Amino acid sequence: MERGNIQIKMEEGKAPVVEATLINNGLWLTSNEIARFLGCFVQTVNGHLRSIFREHLLWERECSVCNRYIDKGIEKQTVFYNLEVLIFVSYRVNSLEARIFRQFIHSVLRKHLKKKKTSDAKIVWKYLPAQSRYRLN
(Lines give C-alpha, C1' and ligand atoms only; values in the text may rest on other atoms or scores of the structure.)
Protein backbone atom coordinates (compact mmCIF):
# COMPACT_ATOMS: atom_id res chain seq x y z
CA MET A 1 0.00 0.00 0.00
CA GLU A 2 1.46 3.33 -1.05
CA ARG A 3 0.74 5.79 1.73
CA GLY A 4 2.29 9.16 0.88
CA ASN A 5 4.30 11.32 3.23
CA ILE A 6 3.96 14.61 5.11
CA GLN A 7 6.43 16.51 7.24
CA ILE A 8 7.11 19.94 8.67
CA LYS A 9 10.56 21.41 8.06
CA MET A 10 11.61 24.12 10.48
CA GLU A 11 14.85 25.99 9.93
CA GLU A 12 16.08 28.74 12.18
CA GLY A 13 15.31 32.18 10.77
CA LYS A 14 12.92 30.82 8.14
CA ALA A 15 9.19 30.18 8.06
CA PRO A 16 8.16 26.54 8.61
CA VAL A 17 7.43 24.56 5.46
CA VAL A 18 4.97 21.68 5.15
CA GLU A 19 5.98 19.15 2.53
CA ALA A 20 3.31 16.66 1.49
CA THR A 21 3.56 13.84 -1.03
CA LEU A 22 0.11 12.50 -1.86
CA ILE A 23 -0.38 9.19 -3.64
CA ASN A 24 -3.59 9.16 -5.74
CA ASN A 25 -4.63 12.38 -3.94
CA GLY A 26 -4.41 10.56 -0.62
CA LEU A 27 -2.29 10.21 2.46
CA TRP A 28 -2.46 7.36 4.98
CA LEU A 29 -0.92 7.57 8.47
CA THR A 30 -1.05 5.50 11.65
CA SER A 31 -2.10 7.16 14.91
CA ASN A 32 1.57 7.08 15.99
CA GLU A 33 2.58 8.94 12.82
CA ILE A 34 -0.21 11.48 13.30
CA ALA A 35 0.95 12.08 16.89
CA ARG A 36 4.57 12.49 15.80
CA PHE A 37 3.55 14.88 13.00
CA LEU A 38 1.34 17.02 15.28
CA GLY A 39 3.83 17.00 18.15
CA CYS A 40 1.59 15.35 20.75
CA PHE A 41 1.13 12.03 22.53
CA VAL A 42 -0.44 9.06 20.74
CA GLN A 43 -2.97 8.76 23.60
CA THR A 44 -4.13 12.31 22.77
CA VAL A 45 -4.63 11.37 19.11
CA ASN A 46 -6.44 8.14 19.98
CA GLY A 47 -8.76 10.01 22.37
CA HIS A 48 -9.61 12.56 19.68
CA LEU A 49 -10.17 9.78 17.14
CA ARG A 50 -12.62 8.03 19.47
CA SER A 51 -14.43 11.33 20.05
CA ILE A 52 -14.57 12.20 16.33
CA PHE A 53 -15.98 8.77 15.44
CA ARG A 54 -18.37 8.66 18.41
CA GLU A 55 -19.79 12.09 17.46
CA HIS A 56 -20.15 10.90 13.83
CA LEU A 57 -18.09 13.80 12.51
CA LEU A 58 -16.36 11.16 10.37
CA TRP A 59 -17.24 7.52 9.77
CA GLU A 60 -14.36 5.22 10.70
CA ARG A 61 -15.06 2.74 7.90
CA GLU A 62 -14.81 5.55 5.31
CA CYS A 63 -11.53 7.07 6.47
CA SER A 64 -9.48 4.16 7.80
CA VAL A 65 -7.96 0.98 6.45
CA CYS A 66 -6.92 -2.01 8.54
CA ASN A 67 -3.82 -3.87 7.37
CA ARG A 68 -3.62 -7.38 8.85
CA TYR A 69 -0.40 -9.38 8.75
CA ILE A 70 1.36 -12.25 10.50
CA ASP A 71 4.61 -11.61 12.36
CA LYS A 72 6.42 -14.60 13.90
CA GLY A 73 3.22 -16.64 13.84
CA ILE A 74 1.16 -13.94 15.57
CA GLU A 75 -1.60 -12.14 13.69
CA LYS A 76 -1.24 -8.37 14.01
CA GLN A 77 -2.98 -5.38 12.51
CA THR A 78 -2.14 -1.76 11.75
CA VAL A 79 -4.83 0.86 11.20
CA PHE A 80 -4.12 3.66 8.74
CA TYR A 81 -6.12 6.92 8.69
CA ASN A 82 -6.53 9.25 5.72
CA LEU A 83 -5.78 12.95 5.25
CA GLU A 84 -9.28 13.94 6.34
CA VAL A 85 -8.65 12.41 9.77
CA LEU A 86 -5.34 14.28 10.05
CA ILE A 87 -7.13 17.57 9.33
CA PHE A 88 -9.87 16.87 11.90
CA VAL A 89 -7.39 15.88 14.61
CA SER A 90 -5.20 18.92 13.89
CA TYR A 91 -8.12 21.18 14.87
CA ARG A 92 -8.37 19.45 18.25
CA VAL A 93 -4.66 19.49 19.14
CA ASN A 94 -3.03 22.60 20.56
CA SER A 95 0.60 22.37 19.43
CA LEU A 96 2.92 24.43 17.28
CA GLU A 97 2.98 21.71 14.63
CA ALA A 98 -0.83 21.50 14.53
CA ARG A 99 -1.06 25.27 14.14
CA ILE A 100 1.50 25.22 11.30
CA PHE A 101 -0.45 22.45 9.57
CA ARG A 102 -3.77 24.32 9.94
CA GLN A 103 -2.17 27.45 8.42
CA PHE A 104 -0.86 25.29 5.58
CA ILE A 105 -4.34 23.86 4.93
CA HIS A 106 -5.84 27.37 4.88
CA SER A 107 -3.18 28.71 2.51
CA VAL A 108 -3.59 25.77 0.10
CA LEU A 109 -7.37 26.25 0.09
CA ARG A 110 -7.02 30.00 -0.50
CA LYS A 111 -4.62 29.41 -3.42
CA HIS A 112 -6.98 26.83 -4.91
CA LEU A 113 -9.96 29.16 -4.61
CA LYS A 114 -8.05 32.03 -6.23
CA LYS A 115 -7.22 29.80 -9.21
CA LYS A 116 -10.91 28.88 -9.66
CA LYS A 117 -12.22 32.39 -9.04
CA THR A 118 -13.66 34.46 -11.87
CA SER A 119 -15.60 37.68 -11.63
CA ASP A 120 -19.09 36.19 -11.95
CA ALA A 121 -18.57 32.58 -10.87
CA LYS A 122 -19.43 31.20 -7.48
CA ILE A 123 -17.75 28.29 -5.75
CA VAL A 124 -19.88 25.37 -4.61
CA TRP A 125 -18.85 22.33 -2.59
CA LYS A 126 -20.60 19.13 -3.69
CA TYR A 127 -21.01 16.10 -1.48
CA LEU A 128 -19.92 12.86 -3.17
CA PRO A 129 -20.57 9.92 -0.82
CA ALA A 130 -19.14 7.15 -3.01
CA GLN A 131 -15.85 8.81 -3.97
CA SER A 132 -13.79 11.41 -2.24
CA ARG A 133 -16.25 13.18 0.00
CA TYR A 134 -16.09 16.74 -1.30
CA ARG A 135 -15.28 18.32 -4.65
CA LEU A 136 -14.93 21.93 -5.71
CA ASN A 137 -16.81 23.06 -8.80
# chains A, B, ... in the order shown; residues from 1 in each chain; ligands from 1
>>> select_by_dssp(residues="chain A", states="alpha helix (DSSP H)", output="PyMOL selection string")
chain A and resi 31-38+42-54+60-63+83-90+96-116
>>> atom_distance(atom1="CA of Glu97 in chain A", atom2="CA of Leu49 in chain A")
17.9 Å
>>> select_by_dssp(residues="range 55-116 of chain A", states="strand (DSSP E or B)", output="number ranges by chain")
A: 64-71, 74-82
>>> write_last_selection(atoms="N, CA, C and O atoms", output="PDB file, in the first residue's frame")
ATOM      1  N   SER A  64     -10.565   4.985   7.266  1.00  0.00           N
ATOM      2  CA  SER A  64      -9.484   4.160   7.803  1.00  0.00           C
ATOM      3  C   SER A  64      -9.404   2.842   7.045  1.00  0.00           C
ATOM      4  O   SER A  64     -10.377   2.389   6.456  1.00  0.00           O
ATOM      5  N   VAL A  65      -8.205   2.268   7.083  1.00  0.00           N
ATOM      6  CA  VAL A  65      -7.955   0.977   6.452  1.00  0.00           C
ATOM      7  C   VAL A  65      -7.177   0.134   7.448  1.00  0.00           C
ATOM      8  O   VAL A  65      -6.226   0.612   8.067  1.00  0.00           O
ATOM      9  N   CYS A  66      -7.596  -1.097   7.615  1.00  0.00           N
ATOM     10  CA  CYS A  66      -6.923  -2.009   8.539  1.00  0.00           C
ATOM     11  C   CYS A  66      -6.047  -2.967   7.737  1.00  0.00           C
ATOM     12  O   CYS A  66      -6.534  -3.656   6.843  1.00  0.00           O
ATOM     13  N   ASN A  67      -4.766  -2.978   8.032  1.00  0.00           N
ATOM     14  CA  ASN A  67      -3.818  -3.872   7.374  1.00  0.00           C
ATOM     15  C   ASN A  67      -3.473  -5.002   8.336  1.00  0.00           C
ATOM     16  O   ASN A  67      -2.858  -4.778   9.370  1.00  0.00           O
ATOM     17  N   ARG A  68      -3.897  -6.217   8.007  1.00  0.00           N
ATOM     18  CA  ARG A  68      -3.622  -7.380   8.854  1.00  0.00           C
ATOM     19  C   ARG A  68      -2.435  -8.152   8.264  1.00  0.00           C
ATOM     20  O   ARG A  68      -2.330  -8.301   7.052  1.00  0.00           O
ATOM     21  N   TYR A  69      -1.572  -8.623   9.174  1.00  0.00           N
ATOM     22  CA  TYR A  69      -0.401  -9.378   8.749  1.00  0.00           C
ATOM     23  C   TYR A  69       0.008 -10.340   9.868  1.00  0.00           C
ATOM     24  O   TYR A  69      -0.449 -10.222  11.000  1.00  0.00           O
ATOM     25  N   ILE A  70       0.870 -11.275   9.516  1.00  0.00           N
ATOM     26  CA  ILE A  70       1.355 -12.246  10.496  1.00  0.00           C
ATOM     27  C   ILE A  70       2.841 -12.002  10.718  1.00  0.00           C
ATOM     28  O   ILE A  70       3.625 -11.960   9.763  1.00  0.00           O
ATOM     29  N   ASP A  71       3.222 -11.834  11.989  1.00  0.00           N
ATOM     30  CA  ASP A  71       4.609 -11.607  12.364  1.00  0.00           C
ATOM     31  C   ASP A  71       5.001 -12.667  13.392  1.00  0.00           C
ATOM     32  O   ASP A  71       4.438 -12.708  14.487  1.00  0.00           O
ATOM     33  N   ILE A  74       2.203 -14.675  14.851  1.00  0.00           N
ATOM     34  CA  ILE A  74       1.162 -13.935  15.572  1.00  0.00           C
ATOM     35  C   ILE A  74       0.486 -12.976  14.595  1.00  0.00           C
ATOM     36  O   ILE A  74       1.156 -12.212  13.901  1.00  0.00           O
ATOM     37  N   GLU A  75      -0.858 -13.053  14.566  1.00  0.00           N
ATOM     38  CA  GLU A  75      -1.596 -12.143  13.695  1.00  0.00           C
ATOM     39  C   GLU A  75      -1.639 -10.757  14.326  1.00  0.00           C
ATOM     40  O   GLU A  75      -1.986 -10.598  15.497  1.00  0.00           O
ATOM     41  N   LYS A  76      -1.249  -9.753  13.541  1.00  0.00           N
ATOM     42  CA  LYS A  76      -1.244  -8.365  14.006  1.00  0.00           C
ATOM     43  C   LYS A  76      -1.993  -7.507  13.003  1.00  0.00           C
ATOM     44  O   LYS A  76      -2.280  -7.939  11.886  1.00  0.00           O
ATOM     45  N   GLN A  77      -2.321  -6.304  13.422  1.00  0.00           N
ATOM     46  CA  GLN A  77      -2.982  -5.376  12.506  1.00  0.00           C
ATOM     47  C   GLN A  77      -2.488  -3.956  12.750  1.00  0.00           C
ATOM     48  O   GLN A  77      -2.128  -3.596  13.860  1.00  0.00           O
ATOM     49  N   THR A  78      -2.484  -3.174  11.690  1.00  0.00           N
ATOM     50  CA  THR A  78      -2.141  -1.757  11.750  1.00  0.00           C
ATOM     51  C   THR A  78      -3.275  -1.000  11.086  1.00  0.00           C
ATOM     52  O   THR A  78      -3.706  -1.355   9.993  1.00  0.00           O
ATOM     53  N   VAL A  79      -3.751   0.044  11.751  1.00  0.00           N
ATOM     54  CA  VAL A  79      -4.833   0.863  11.200  1.00  0.00           C
ATOM     55  C   VAL A  79      -4.229   2.142  10.639  1.00  0.00           C
ATOM     56  O   VAL A  79      -3.455   2.829  11.317  1.00  0.00           O
ATOM     57  N   PHE A  80      -4.573   2.443   9.400  1.00  0.00           N
ATOM     58  CA  PHE A  80      -4.122   3.660   8.739  1.00  0.00           C
ATOM     59  C   PHE A  80      -5.315   4.600   8.576  1.00  0.00           C
ATOM     60  O   PHE A  80      -6.419   4.163   8.247  1.00  0.00           O
ATOM     61  N   TYR A  81      -5.080   5.900   8.815  1.00  0.00           N
ATOM     62  CA  TYR A  81      -6.118   6.921   8.688  1.00  0.00           C
ATOM     63  C   TYR A  81      -5.760   7.866   7.554  1.00  0.00           C
ATOM     64  O   TYR A  81      -4.585   8.147   7.317  1.00  0.00           O
ATOM     65  N   ASN A  82      -6.781   8.408   6.886  1.00  0.00           N
ATOM     66  CA  ASN A  82      -6.526   9.252   5.723  1.00  0.00           C
ATOM     67  C   ASN A  82      -6.292  10.725   6.098  1.00  0.00           C
ATOM     68  O   ASN A  82      -6.323  11.105   7.266  1.00  0.00           O
TER      69      ASN A  82
END
>>> residues_around(residues="Ala15 in chain A", least_positions_apart="3", cutoff="12 Å", atoms="only C-alpha atoms", output="list in words")
Ile8, Lys9, Met10, Glu11, Glu12, Val18, Ile100, Gln103 and Phe104 of chain A
>>> write_last_selection(atoms="N, CA and C atoms", output="CSV table (one decimal), in the first residue's frame")
chain,number,residue,atom,x,y,z
A,8,ILE,N,6.9,18.5,8.5
A,8,ILE,CA,7.1,19.9,8.7
A,8,ILE,C,8.6,20.2,8.8
A,9,LYS,N,9.1,21.1,8.0
A,9,LYS,CA,10.6,21.4,8.1
A,9,LYS,C,10.7,22.8,8.7
A,10,MET,N,11.4,22.8,9.8
A,10,MET,CA,11.6,24.1,10.5
A,10,MET,C,13.1,24.4,10.5
A,11,GLU,N,13.5,25.5,9.9
A,11,GLU,CA,14.9,26.0,9.9
A,11,GLU,C,14.9,27.3,10.7
A,12,GLU,N,16.0,27.5,11.4
A,12,GLU,CA,16.1,28.7,12.2
A,12,GLU,C,16.1,29.9,11.3
A,18,VAL,N,5.6,23.0,5.1
A,18,VAL,CA,5.0,21.7,5.2
A,18,VAL,C,5.2,21.1,3.8
A,100,ILE,N,0.8,25.1,12.6
A,100,ILE,CA,1.5,25.2,11.3
A,100,ILE,C,0.7,24.5,10.2
A,103,GLN,N,-2.5,26.3,9.3
A,103,GLN,CA,-2.2,27.4,8.4
A,103,GLN,C,-1.9,27.0,7.0
A,104,PHE,N,-1.2,25.9,6.9
A,104,PHE,CA,-0.9,25.3,5.6
A,104,PHE,C,-2.1,24.9,4.8
>>> closest_residue(among="A:Ser95, A:Lys72, A:Leu83, A:Gly47", to="Thr21 in chain A", atoms="only C-alpha atoms")
A:Leu83
>>> closest_residue(among="A:His48, A:Ala98, A:Glu62, A:Glu84", to="Asn25 in chain A", atoms="only C-alpha atoms")
A:Glu84
